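Undergrad: Pasting work_35.cif below, which is mmCIF, C-alpha atoms.
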```
data_data
#
loop_
_atom_site.label_atom_id
_atom_site.label_comp_id
_atom_site.auth_asym_id
_atom_site.auth_seq_id
_atom_site.Cartn_x
_atom_site.Cartn_y
_atom_site.Cartn_z
CA MET X 19 0.00 0.00 0.00
CA SER X 20 1.08 3.58 -0.61
CA SER X 21 -0.18 7.03 0.34
CA ILE X 22 0.40 10.49 -1.09
CA THR X 23 0.49 13.39 1.36
CA PRO X 24 1.59 17.02 1.32
CA TYR X 25 4.21 18.60 3.60
CA GLN X 26 5.52 22.14 4.04
CA THR X 27 9.01 23.40 3.15
CA LYS X 28 10.54 26.88 3.06
CA ALA X 29 9.93 26.88 -0.69
CA GLY X 30 6.26 25.99 -0.25
CA ARG X 31 4.16 22.88 -0.29
CA ARG X 32 5.63 19.64 -1.61
CA TRP X 33 4.25 16.11 -1.97
CA GLN X 34 5.61 12.80 -0.76
CA VAL X 35 4.83 9.15 -1.47
CA GLN X 36 4.95 6.65 1.37
CA TYR X 37 5.13 3.09 0.03
CA THR X 38 5.84 -0.51 0.97
CA LYS X 39 8.88 -2.25 -0.49
CA PRO X 40 8.68 -5.84 -1.73
CA ASP X 41 10.43 -6.96 1.48
CA GLY X 42 7.60 -5.41 3.58
CA SER X 43 9.56 -2.42 4.91
CA ARG X 44 8.17 1.09 4.59
CA SER X 45 9.90 3.99 2.81
CA ARG X 46 9.08 7.31 1.24
CA LYS X 47 9.99 9.49 -1.72
CA ARG X 48 9.79 13.24 -1.19
CA GLY X 49 10.14 16.44 -3.20
CA PHE X 50 7.36 16.24 -5.78
CA PRO X 51 6.12 19.72 -6.76
CA THR X 52 2.56 18.53 -7.44
CA LYS X 53 0.27 15.74 -6.37
CA ALA X 54 0.01 14.68 -10.02
CA ALA X 55 3.80 14.21 -10.22
CA ALA X 56 3.76 12.14 -7.03
CA THR X 57 0.89 10.05 -8.34
CA ALA X 58 2.67 9.41 -11.66
CA TRP X 59 5.81 8.29 -9.81
CA GLU X 60 3.80 5.98 -7.55
CA GLN X 61 2.07 4.41 -10.55
CA ASP X 62 5.41 3.84 -12.30
CA GLN X 63 6.71 2.09 -9.19
CA GLY X 64 3.60 -0.10 -9.10
CA HIS X 65 4.03 -1.10 -12.74
CA ALA X 66 7.70 -1.95 -12.09
CA ARG X 67 6.83 -4.12 -9.08
CA ARG X 68 4.22 -6.04 -11.04
CA ALA X 69 6.67 -6.53 -13.94
CA GLY X 70 9.41 -7.74 -11.61
CA SER X 71 11.73 -4.88 -12.61
CA TRP X 72 11.41 -2.75 -9.49
CA VAL X 73 14.57 -1.20 -8.07
CA ASP X 74 14.76 0.41 -4.68
CA PRO X 75 15.10 4.18 -5.36
CA ALA X 76 17.63 4.38 -2.53
CA ARG X 77 19.88 1.86 -4.31
CA GLU X 78 19.66 3.83 -7.54
CA LYS X 79 21.47 6.58 -5.67
CA THR X 80 24.58 4.41 -5.28
CA THR X 81 27.43 6.14 -7.09
CA VAL X 82 29.45 4.67 -9.93
CA SER X 83 32.57 5.15 -7.81
CA GLU X 84 31.19 3.02 -4.96
CA ILE X 85 30.46 0.08 -7.23
CA GLY X 86 33.50 0.66 -9.43
CA THR X 87 35.88 0.41 -6.49
CA ARG X 88 34.41 -2.97 -5.53
CA TRP X 89 34.41 -4.14 -9.14
CA LEU X 90 38.06 -3.22 -9.65
CA ALA X 91 39.08 -5.02 -6.45
CA ALA X 92 37.37 -8.17 -7.76
CA GLN X 93 39.43 -8.32 -10.98
CA THR X 94 41.99 -10.65 -9.43
CA HIS X 95 41.60 -13.14 -12.30
CA LEU X 96 43.17 -10.78 -14.83
CA LYS X 97 46.74 -11.16 -15.99
CA PRO X 98 49.09 -8.44 -14.69
CA SER X 99 49.30 -6.57 -18.00
CA THR X 100 45.50 -6.64 -18.48
CA ALA X 101 44.93 -5.60 -14.86
CA ALA X 102 47.25 -2.63 -15.38
CA VAL X 103 45.42 -1.28 -18.45
CA THR X 104 42.05 -1.91 -16.79
CA ASP X 105 43.12 0.06 -13.72
CA GLN X 106 44.35 2.82 -16.01
CA ALA X 107 41.03 2.94 -17.88
CA TRP X 108 39.16 3.27 -14.58
CA ARG X 109 41.45 5.94 -13.06
CA LEU X 110 41.98 8.09 -16.14
CA ARG X 111 38.75 7.74 -18.13
CA VAL X 112 35.80 6.34 -16.21
CA LYS X 113 36.11 7.53 -12.61
CA PRO X 114 36.82 11.22 -13.40
CA MET X 115 33.78 11.38 -15.70
CA TRP X 116 31.24 9.13 -13.98
CA GLY X 117 32.50 8.33 -10.48
CA HIS X 118 30.37 10.96 -8.73
CA ARG X 119 27.18 10.09 -10.61
CA GLU X 120 24.34 8.00 -9.20
CA VAL X 121 23.96 4.82 -11.27
CA GLY X 122 20.25 5.43 -11.69
CA SER X 123 20.88 8.81 -13.31
CA LEU X 124 22.98 7.57 -16.24
CA ARG X 125 21.44 7.65 -19.71
CA PRO X 126 22.59 5.89 -22.92
CA SER X 127 22.69 9.15 -24.88
CA GLU X 128 25.21 10.81 -22.57
CA ILE X 129 27.41 7.70 -22.44
CA GLN X 130 27.35 7.58 -26.25
CA GLU X 131 28.33 11.26 -26.34
CA TRP X 132 31.21 10.56 -23.93
CA ILE X 133 32.53 7.73 -26.10
CA ALA X 134 32.46 9.98 -29.16
CA SER X 135 34.32 12.75 -27.31
CA LEU X 136 37.25 10.61 -26.19
CA ASN X 137 40.32 11.83 -28.06
CA VAL X 138 42.05 8.45 -27.97
CA SER X 139 42.52 5.44 -30.21
CA GLY X 140 39.61 3.15 -30.94
CA SER X 141 41.09 0.40 -28.75
CA THR X 142 41.53 2.76 -25.79
CA ALA X 143 37.98 4.11 -26.16
CA ARG X 144 36.56 0.58 -26.29
CA ARG X 145 38.53 -0.37 -23.19
CA ALA X 146 37.13 2.63 -21.28
CA HIS X 147 33.61 1.75 -22.40
CA ALA X 148 34.07 -1.90 -21.39
CA CYS X 149 35.20 -0.76 -17.95
CA LEU X 150 32.10 1.38 -17.39
CA ALA X 151 29.78 -1.27 -18.85
CA GLN X 152 31.13 -3.96 -16.53
CA VAL X 153 30.80 -1.69 -13.50
CA LEU X 154 27.15 -1.13 -14.41
CA ASP X 155 26.69 -4.88 -14.90
CA MET X 156 27.71 -5.25 -11.27
CA ALA X 157 25.21 -2.52 -10.35
CA ILE X 158 22.48 -4.67 -11.92
CA ALA X 159 23.70 -7.71 -9.99
CA ASP X 160 23.57 -5.65 -6.78
CA GLY X 161 19.97 -4.62 -7.46
CA CYS X 162 20.82 -0.98 -8.17
CA LEU X 163 19.76 -0.99 -11.83
CA VAL X 164 17.37 -2.89 -14.09
CA LYS X 165 19.03 -2.16 -17.44
CA ASN X 166 22.61 -1.26 -18.32
CA PRO X 167 22.66 2.12 -20.14
CA ALA X 168 26.17 1.42 -21.47
CA ARG X 169 25.16 -1.66 -23.45
CA GLY X 170 24.10 -1.59 -27.11
CA LEU X 171 25.99 1.58 -28.01
CA LYS X 172 28.03 2.29 -31.13
CA LEU X 173 31.75 1.89 -30.53
CA PRO X 174 34.72 3.12 -32.59
CA ARG X 175 36.59 0.67 -34.74
CA ARG X 176 39.80 -0.82 -33.42
CA SER X 177 42.77 0.43 -35.36
CA LYS X 178 44.55 -2.45 -37.03
CA ALA X 179 48.17 -2.93 -36.05
CA VAL X 180 50.63 -2.47 -38.87
CA LYS X 181 52.55 -5.73 -39.36
CA VAL X 182 56.08 -5.58 -40.69
CA TYR X 183 57.62 -8.61 -42.37
CA LEU X 184 61.37 -8.98 -42.80
CA THR X 185 63.40 -11.30 -44.95
CA MET X 186 66.00 -13.56 -43.36
CA GLU X 187 68.67 -11.19 -44.71
CA GLN X 188 67.02 -8.24 -42.95
CA VAL X 189 66.84 -10.18 -39.67
CA ARG X 190 70.56 -10.83 -40.01
CA ALA X 191 71.15 -7.13 -40.66
CA ILE X 192 69.63 -6.28 -37.25
CA ALA X 193 71.38 -9.16 -35.48
CA ASP X 194 74.75 -8.15 -36.94
CA GLN X 195 74.24 -4.63 -35.56
CA CYS X 196 73.56 -5.89 -32.02
CA SER X 197 76.27 -5.10 -29.51
CA VAL X 198 74.86 -7.83 -27.23
CA LYS X 199 72.11 -10.47 -27.20
CA SER X 200 71.88 -10.99 -30.95
CA GLU X 201 70.59 -14.51 -30.18
CA ILE X 202 67.40 -12.92 -28.81
CA VAL X 203 66.69 -11.31 -32.18
CA TRP X 204 67.19 -14.65 -33.92
CA LEU X 205 65.03 -16.57 -31.43
CA LEU X 206 62.13 -14.11 -31.60
CA ALA X 207 62.29 -13.77 -35.39
CA THR X 208 62.41 -17.51 -36.10
CA SER X 209 60.20 -19.01 -33.37
CA GLY X 210 57.42 -16.42 -33.03
CA ILE X 211 57.36 -16.52 -29.23
CA ARG X 212 56.37 -13.40 -27.31
CA TRP X 213 58.87 -11.32 -25.35
CA SER X 214 57.21 -12.33 -22.07
CA GLU X 215 57.59 -15.99 -23.05
CA LEU X 216 61.25 -15.50 -23.89
CA ALA X 217 61.91 -13.62 -20.65
CA GLY X 218 60.19 -16.44 -18.75
CA LEU X 219 62.46 -19.16 -20.12
CA GLN X 220 64.51 -21.13 -17.63
CA VAL X 221 67.39 -23.46 -18.45
CA ARG X 222 65.20 -26.51 -17.83
CA ASP X 223 62.81 -25.33 -20.55
CA LEU X 224 65.33 -25.69 -23.38
CA ASP X 225 65.82 -29.06 -25.05
CA LEU X 226 68.43 -27.99 -27.58
CA GLY X 227 69.21 -31.55 -28.65
CA ARG X 228 65.67 -31.88 -29.96
CA ARG X 229 65.53 -28.21 -31.05
CA ARG X 230 62.62 -27.45 -28.75
CA ALA X 231 61.66 -24.82 -26.19
CA HIS X 232 58.97 -25.70 -23.65
CA LEU X 233 57.09 -22.51 -22.75
CA GLN X 234 55.81 -22.78 -19.17
CA ARG X 235 55.47 -19.21 -17.85
CA ALA X 236 55.47 -15.55 -18.82
CA ALA X 237 57.61 -12.79 -17.33
CA VAL X 238 55.55 -9.66 -18.05
CA THR X 239 56.87 -6.14 -17.48
CA VAL X 240 54.17 -4.04 -15.80
CA ASN X 241 54.90 -0.49 -14.62
CA GLY X 242 58.62 -1.19 -14.59
CA LYS X 243 58.34 -4.44 -12.62
CA VAL X 244 58.48 -8.02 -13.85
CA GLU X 245 55.47 -10.17 -12.93
CA ILE X 246 55.71 -13.95 -13.32
CA GLY X 247 52.49 -15.64 -14.41
CA THR X 248 50.91 -18.09 -16.81
CA LEU X 249 51.15 -17.82 -20.57
CA LYS X 250 48.61 -15.70 -22.41
CA SER X 251 46.71 -18.80 -23.49
CA HIS X 252 46.93 -20.26 -19.93
CA GLU X 253 48.38 -23.41 -21.52
CA ALA X 254 52.00 -24.48 -21.82
CA ARG X 255 53.22 -25.19 -25.34
CA THR X 256 56.32 -26.41 -27.15
CA VAL X 257 57.89 -24.58 -30.09
CA ALA X 258 60.58 -25.51 -32.59
CA ILE X 259 63.93 -23.69 -32.75
CA PRO X 260 66.26 -23.77 -35.77
CA ARG X 261 69.55 -25.57 -35.19
CA PHE X 262 71.67 -22.47 -35.80
CA VAL X 263 69.74 -20.65 -33.05
CA CYS X 264 70.21 -23.62 -30.70
CA ASN X 265 73.94 -23.34 -31.32
CA MET X 266 73.80 -19.72 -30.15
CA LEU X 267 71.89 -20.67 -26.99
CA GLU X 268 74.12 -23.52 -25.87
CA PRO X 269 76.94 -21.31 -24.48
CA LEU X 270 74.38 -19.20 -22.57
CA ILE X 271 73.07 -22.08 -20.47
CA GLU X 272 76.24 -24.10 -20.10
CA GLY X 273 77.00 -24.63 -16.41
CA LYS X 274 73.83 -22.88 -15.19
CA PRO X 275 71.41 -24.60 -12.80
CA LYS X 276 68.17 -25.79 -14.36
CA SER X 277 66.14 -23.27 -12.36
CA ALA X 278 68.16 -20.30 -13.62
CA TRP X 279 66.70 -17.80 -16.07
CA VAL X 280 68.24 -18.09 -19.53
CA TRP X 281 68.59 -14.28 -19.60
CA GLU X 282 68.88 -12.26 -16.41
CA ARG X 283 68.65 -8.53 -15.75
CA VAL X 284 70.50 -9.04 -12.48
CA PRO X 285 71.41 -12.39 -10.92
CA GLY X 286 68.22 -14.29 -10.08
CA GLU X 287 65.81 -11.93 -11.90
CA PRO X 288 64.40 -12.22 -15.44
CA MET X 289 64.86 -9.45 -17.97
CA LYS X 290 62.51 -6.52 -18.35
CA LEU X 291 60.97 -5.59 -21.67
CA GLN X 292 63.52 -3.53 -23.60
CA GLY X 293 62.49 0.11 -23.84
CA SER X 294 63.57 2.84 -26.25
CA GLY X 295 67.32 3.34 -26.27
CA SER X 296 67.98 -0.35 -25.63
CA TRP X 297 70.50 -2.49 -27.48
CA PHE X 298 67.69 -3.70 -29.78
CA HIS X 299 66.53 -0.23 -30.79
CA GLY X 300 70.10 0.85 -31.40
CA ALA X 301 70.72 -2.16 -33.66
CA ARG X 302 67.50 -1.55 -35.59
CA ASP X 303 68.26 2.13 -36.05
CA ARG X 304 71.75 1.35 -37.34
CA ALA X 305 70.28 -1.15 -39.81
CA MET X 306 67.80 1.51 -40.96
CA ALA X 307 70.61 4.06 -41.35
CA ALA X 308 72.54 1.62 -43.53
CA ASP X 309 69.50 0.94 -45.73
CA PRO X 310 66.97 3.78 -46.30
CA ASN X 311 64.34 1.20 -47.30
CA PHE X 312 64.74 -0.89 -44.14
CA PRO X 313 61.37 -1.04 -42.32
CA ARG X 314 60.94 0.00 -38.70
CA VAL X 315 60.20 -3.07 -36.61
CA THR X 316 59.52 -3.39 -32.88
CA MET X 317 60.54 -6.12 -30.49
CA HIS X 318 56.97 -7.46 -30.56
CA GLY X 319 56.97 -7.05 -34.33
CA LEU X 320 59.56 -9.83 -34.58
CA ARG X 321 56.65 -12.17 -33.81
CA HIS X 322 55.03 -11.10 -37.11
CA VAL X 323 58.39 -11.50 -38.81
CA ALA X 324 58.48 -15.11 -37.61
CA ALA X 325 54.97 -15.73 -38.96
CA GLY X 326 56.05 -14.40 -42.36
CA LEU X 327 59.18 -16.55 -42.42
CA LEU X 328 57.21 -19.64 -41.39
CA VAL X 329 54.66 -19.17 -44.17
CA SER X 330 57.37 -18.44 -46.75
CA ALA X 331 59.04 -21.70 -45.66
CA GLY X 332 55.84 -23.57 -46.51
CA ALA X 333 54.35 -23.98 -43.01
CA SER X 334 50.62 -24.75 -42.92
CA VAL X 335 48.09 -22.67 -40.98
CA LYS X 336 47.98 -25.31 -38.24
CA VAL X 337 51.76 -25.27 -37.83
CA VAL X 338 51.81 -21.47 -37.61
CA GLN X 339 48.94 -21.59 -35.09
CA ARG X 340 50.78 -24.06 -32.87
CA GLN X 341 54.10 -22.21 -33.07
CA LEU X 342 52.55 -18.81 -32.23
CA GLY X 343 50.18 -20.16 -29.59
CA HIS X 344 46.93 -18.96 -31.15
CA SER X 345 43.72 -20.46 -29.79
CA SER X 346 42.56 -21.59 -33.23
CA ALA X 347 43.60 -21.76 -36.87
CA ALA X 348 40.78 -19.31 -37.59
CA MET X 349 42.48 -16.75 -35.39
CA THR X 350 45.77 -17.29 -37.24
CA LEU X 351 44.01 -16.72 -40.56
CA ASP X 352 42.30 -13.59 -39.22
CA VAL X 353 45.60 -12.09 -38.02
CA TYR X 354 47.75 -13.16 -40.97
CA ALA X 355 45.28 -13.39 -43.85
CA ASP X 356 47.64 -11.32 -46.01
CA LEU X 357 50.36 -13.97 -45.70
CA PHE X 358 48.10 -16.64 -47.17
CA ASP X 359 46.96 -14.66 -50.22
CA GLY X 360 49.55 -16.56 -52.24
CA ASP X 361 47.57 -19.74 -51.56
CA LEU X 362 44.86 -18.41 -53.87
CA ASP X 363 47.34 -18.22 -56.74
CA ALA X 364 48.55 -21.72 -55.91
CA VAL X 365 44.97 -23.04 -56.07
CA ALA X 366 44.39 -21.36 -59.44
CA ASP X 367 47.70 -22.72 -60.79
CA THR X 368 46.83 -26.24 -59.63
CA MET X 369 43.43 -26.10 -61.30
CA GLU X 370 45.11 -24.85 -64.46
CA GLU X 371 47.54 -27.78 -64.44
CA ILE X 372 44.73 -30.32 -63.91
CA HIS X 373 42.73 -28.80 -66.73
CA ASN X 374 45.70 -28.74 -69.10
CA GLY X 375 46.16 -32.45 -68.49
CA LEU X 376 42.74 -33.12 -69.98
CA GLY X 377 43.72 -31.85 -73.41
CA ALA X 378 42.02 -29.23 -75.55
CA VAL X 379 38.46 -28.25 -74.69
CA GLN X 380 35.94 -29.59 -77.25
CA SER X 381 33.43 -27.18 -78.67
CA ALA X 382 29.91 -27.57 -77.40
CA VAL X 383 27.65 -29.53 -79.76
CA THR X 384 24.75 -27.46 -81.04
CA GLN X 385 21.49 -29.38 -80.97
CA PRO X 386 19.28 -28.96 -84.06
CA LYS X 387 16.17 -26.96 -83.50
CA ALA X 388 12.88 -28.82 -83.56
CA ALA X 389 10.79 -28.31 -86.70
#
```
Any chance you could give the structure as structure tokens?
TA:
Amino acid sequence: MSSITPYQTKAGRRWQVQYTKPDGSRSRKRGFPTKAAATAWEQDQGHARRAGSWVDPAREKTTVSEIGTRWLAAQTHLKPSTAAVTDQAWRLRVKPMWGHREVGSLRPSEIQEWIASLNVSGSTARRAHACLAQVLDMAIADGCLVKNPARGLKLPRRSKAVKVYLTMEQVRAIADQCSVKSEIVWLLATSGIRWSELAGLQVRDLDLGRRRAHLQRAAVTVNGKVEIGTLKSHEARTVAIPRFVCNMLEPLIEGKPKSAWVWERVPGEPMKLQGSGSWFHGARDRAMAADPNFPRVTMHGLRHVAAGLLVSAGASVKVVQRQLGHSSAAMTLDVYADLFDGDLDAVADTMEEIHNGLGAVQSAVTQPKAA
């Protein structure tokens, strides 16, 4: 049951609605300028209760910041690198804009306007939106909202990463310019493993006699610190290493205990991701200075280089998928579709050869027309 009654304020008469919540407790909503406005609100609440979509008006006043803080603390399942960018999206994009707002006051139109106003890349804008949307999902789970105003909006396209492919000669050009650690360039450019996977290698993981590396863990650099965790796919995998690269690695691990890192920043600690000004960037820049047409490649870009070299060597999609650690062959094709364009020419050439083996095409026989 509910009742609508007037009360006096310094600004004049106002109306309030006293109502019973679904749990049987009594509450009230004040501040309506007219009895008609109070009646309309009370009827809306009645419709919502009958439809099963009623939300306690007091809970709608919960701020985005209150729920967001709890949501962020619950993201313990994320990998360190993902947790870092998620925290950044919350602190720099979502909380300053929406933290003070009551969740019940947010509207899709203003969230859409906010997305359009973000002067960042498409990927960064989508990450900020995902952060807000997931916070509001938790608000629904907590009974503070019925519908998420951040869902179903138009999002900017993700910018596609530019992939650079090098020839084996160009890989050698960078390696030859390295003052140290040239074997890292060769390992990344021929195996396709990620930097974090390379940094996470221990002596026990290398089976150089069989030309294999068993990837067990990732050493990810986050905010200047190295975090040890699982691989990106959460599954260990084994990759092939060319013999000449194995020969480079053998002296590095000789005499080391099996638990030692193959490469160490300081004794007992894995390497950090190499930043600008590192030995790698210096070697690349010298290679570019020697050849004006030499493409600019990043440390992570050597993974794409490896994919290109694997395909040029005749590796199938499944082999490339396994070597790179993709979840499916479809993903490999999506990422490296440009590398497999040559397969179309090969199919056409094969069909041409089969057809040529049949001899000349006979002309179609024209049937006489009926009288």
Undergrad: So which residues touch region 178-193 of chain X within 7 Å, counting all atoms listed in the file, skipping near sequence neighbours fewer than 3 positions away, as a list in words?
TA: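 Final neighbour list, sorted by chain and number: Cys196, Ser200, Val203, Ala301, Arg302, Ala305, Val315, Gly319, His322, Val323 and Gly326 of chain X.
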Undergrad: From the set X:Leu163, X:Leu291, X:Ala107, X:Leu136, which residue has the shortest atom-to-atom contact distance to Ser123 (chain X), counting all atoms listed in the file?
TA: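 Using all atoms listed in the file, the shortest distance to Ser123 (chain X) belongs to X:Leu163.
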Undergrad: Of the candidates X:Gly122, X:Gly170, X:Gly161, X:Pro310, which one gets nearest to Lys79 (chain X) if we count all atoms listed in the file?
TA: X:Gly122
Undergrad: Just to confirm, what's the straight-line distance from CA of Ala76 (chain X) to CA of Arg111 (chain X) in Å (one decimal)?
TA: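 Between CA of Ala76 (chain X) and CA of Arg111 (chain X) the gap is 26.5 Å.
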Undergrad: Using only C-alpha atoms, find the one residue out of X:Val353, X:Trp33, X:Val82, X:Val112 that sits nearest to Glu60 (chain X).
TA: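 Smallest separation from Glu60 (chain X) among the options: X:Trp33.
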Undergrad: Which protein, DNA or RNA residues are at most 10 Å from (53.9, -20.8, -17.7) in the file's coordinates when you count all atoms listed in the file, listed as a list in words?
TA: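 Final list of nearby residues, as requested, is Glu215, Gly218, Leu219, His232, Leu233, Gln234, Arg235, Ala236, Ala237, Ile246, Gly247, Thr248, Leu249, Lys250, Ser251, His252, Glu253, Ala254 and Arg255 of chain X.
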Undergrad: Nearest to Arg119 (chain X): which of X:Ser43, X:Ser99, X:Thr316, X:Thr80 is it, counting all atoms listed in the file?
TA: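 Closest candidate: X:Thr80.
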Undergrad: Can you measure CA of Ala146 (chain X) to CA of Gly343 (chain X) for me? One decimal in Å is fine.
TA: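 Separation of CA of Ala146 (chain X) and CA of Gly343 (chain X): 27.5 Å.
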Undergrad: Just to confirm, what's the straight-line distance from CA of Val240 (chain X) to CA of Pro98 (chain X) in Å (one decimal)?
TA: 6.8 Å
Undergrad: Once the PyMOL selection byres ((chain X and resi 356-360) around 12) has been evaluated on this model, what residues remain selected, and can you format them as a VMD selection string?
TA: chain X and resid 180 to 183 322 to 335 338 350 to 355 361 to 367
Undergrad: Could those selected residues go to a file with C-alpha atoms, as a PDB file, keeping the file's coordinate frame?
TA:
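Saved as result-v8.pdb:
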```pdb
ATOM      1  CA  VAL X 180      50.630  -2.470 -38.870  1.00  0.00           C
ATOM      2  CA  LYS X 181      52.550  -5.730 -39.360  1.00  0.00           C
ATOM      3  CA  VAL X 182      56.080  -5.580 -40.690  1.00  0.00           C
ATOM      4  CA  TYR X 183      57.620  -8.610 -42.370  1.00  0.00           C
ATOM      5  CA  HIS X 322      55.030 -11.100 -37.110  1.00  0.00           C
ATOM      6  CA  VAL X 323      58.390 -11.500 -38.810  1.00  0.00           C
ATOM      7  CA  ALA X 324      58.480 -15.110 -37.610  1.00  0.00           C
ATOM      8  CA  ALA X 325      54.970 -15.730 -38.960  1.00  0.00           C
ATOM      9  CA  GLY X 326      56.050 -14.400 -42.360  1.00  0.00           C
ATOM     10  CA  LEU X 327      59.180 -16.550 -42.420  1.00  0.00           C
ATOM     11  CA  LEU X 328      57.210 -19.640 -41.390  1.00  0.00           C
ATOM     12  CA  VAL X 329      54.660 -19.170 -44.170  1.00  0.00           C
ATOM     13  CA  SER X 330      57.370 -18.440 -46.750  1.00  0.00           C
ATOM     14  CA  ALA X 331      59.040 -21.700 -45.660  1.00  0.00           C
ATOM     15  CA  GLY X 332      55.840 -23.570 -46.510  1.00  0.00           C
ATOM     16  CA  ALA X 333      54.350 -23.980 -43.010  1.00  0.00           C
ATOM     17  CA  SER X 334      50.620 -24.750 -42.920  1.00  0.00           C
ATOM     18  CA  VAL X 335      48.090 -22.670 -40.980  1.00  0.00           C
ATOM     19  CA  VAL X 338      51.810 -21.470 -37.610  1.00  0.00           C
ATOM     20  CA  THR X 350      45.770 -17.290 -37.240  1.00  0.00           C
ATOM     21  CA  LEU X 351      44.010 -16.720 -40.560  1.00  0.00           C
ATOM     22  CA  ASP X 352      42.300 -13.590 -39.220  1.00  0.00           C
ATOM     23  CA  VAL X 353      45.600 -12.090 -38.020  1.00  0.00           C
ATOM     24  CA  TYR X 354      47.750 -13.160 -40.970  1.00  0.00           C
ATOM     25  CA  ALA X 355      45.280 -13.390 -43.850  1.00  0.00           C
ATOM     26  CA  ASP X 361      47.570 -19.740 -51.560  1.00  0.00           C
ATOM     27  CA  LEU X 362      44.860 -18.410 -53.870  1.00  0.00           C
ATOM     28  CA  ASP X 363      47.340 -18.220 -56.740  1.00  0.00           C
ATOM     29  CA  ALA X 364      48.550 -21.720 -55.910  1.00  0.00           C
ATOM     30  CA  VAL X 365      44.970 -23.040 -56.070  1.00  0.00           C
ATOM     31  CA  ALA X 366      44.390 -21.360 -59.440  1.00  0.00           C
ATOM     32  CA  ASP X 367      47.700 -22.720 -60.790  1.00  0.00           C
TER      33      ASP X 367
END
```
Undergrad: Using only C-alpha atoms, can you tell me which of X:Asp194, X:Ser214, X:Ile129, X:Asp62 comes closest to Ala308 (chain X)?
TA: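 Using only C-alpha atoms, the shortest distance to Ala308 (chain X) belongs to X:Asp194.
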Undergrad: Using the chain letters and numbering of this document, enumerate as a ChimeraX atom specification the residues selected by the PyMOL selection byres ((chain X and resi 293) around 12).
TA: /X:239,241-242,289-292,294-300,316-318
Undergrad: Write out as a list in words which residues come within 9 Å of Gln34 (chain X) when counting all atoms listed in the file, dropping same-chain ones fewer than 4 positions away.
TA: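 Counting all atoms listed in the file, the residues come to Ser21, Ile22, Thr23, Pro24, Tyr25, Arg46, Lys47, Arg48, Gly49, Phe50, Lys53 and Ala56 of chain X.
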Undergrad: Starting from the shown file, work through the PyMOL selection byres ((chain X and resi 278) around 10) and note down what comes out as a ChimeraX atom specification.
TA: /X:219-222,271,274-277,279-282,285-288
Undergrad: Using the partial input, fill out region 313-326 of chain X with N, CA and C atoms; write the result as a compact mmCIF listing (two decimals), in the frame of the given file.
TA:
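Output saved as result_14.txt:
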```txt
# COMPACT_ATOMS: atom_id res chain seq x y z
N PRO X 313 62.58 -1.40 -43.09
CA PRO X 313 61.37 -1.04 -42.32
C PRO X 313 61.64 -0.95 -40.82
N ARG X 314 60.84 -0.13 -40.15
CA ARG X 314 60.94 0.00 -38.70
C ARG X 314 60.16 -1.13 -38.04
N VAL X 315 60.83 -1.93 -37.25
CA VAL X 315 60.20 -3.07 -36.61
C VAL X 315 60.41 -2.97 -35.10
N THR X 316 59.43 -3.41 -34.34
CA THR X 316 59.52 -3.39 -32.88
C THR X 316 59.92 -4.77 -32.37
N MET X 317 60.21 -4.82 -31.09
CA MET X 317 60.54 -6.12 -30.49
C MET X 317 59.36 -7.08 -30.64
N HIS X 318 58.15 -6.60 -30.37
CA HIS X 318 56.97 -7.46 -30.56
C HIS X 318 56.76 -7.77 -32.03
N GLY X 319 57.15 -6.83 -32.90
CA GLY X 319 56.97 -7.05 -34.33
C GLY X 319 57.76 -8.22 -34.86
N LEU X 320 58.80 -8.66 -34.14
CA LEU X 320 59.56 -9.83 -34.58
C LEU X 320 58.69 -11.08 -34.57
N ARG X 321 57.61 -11.06 -33.80
CA ARG X 321 56.65 -12.17 -33.81
C ARG X 321 55.97 -12.26 -35.18
N HIS X 322 55.61 -11.11 -35.77
CA HIS X 322 55.03 -11.10 -37.11
C HIS X 322 56.07 -11.52 -38.14
N VAL X 323 57.31 -11.10 -37.92
CA VAL X 323 58.39 -11.50 -38.81
C VAL X 323 58.48 -13.02 -38.86
N ALA X 324 58.41 -13.65 -37.68
CA ALA X 324 58.48 -15.11 -37.61
C ALA X 324 57.33 -15.74 -38.37
N ALA X 325 56.12 -15.18 -38.23
CA ALA X 325 54.97 -15.73 -38.96
C ALA X 325 55.22 -15.67 -40.47
N GLY X 326 55.76 -14.54 -40.94
CA GLY X 326 56.05 -14.40 -42.36
C GLY X 326 57.09 -15.39 -42.83
```
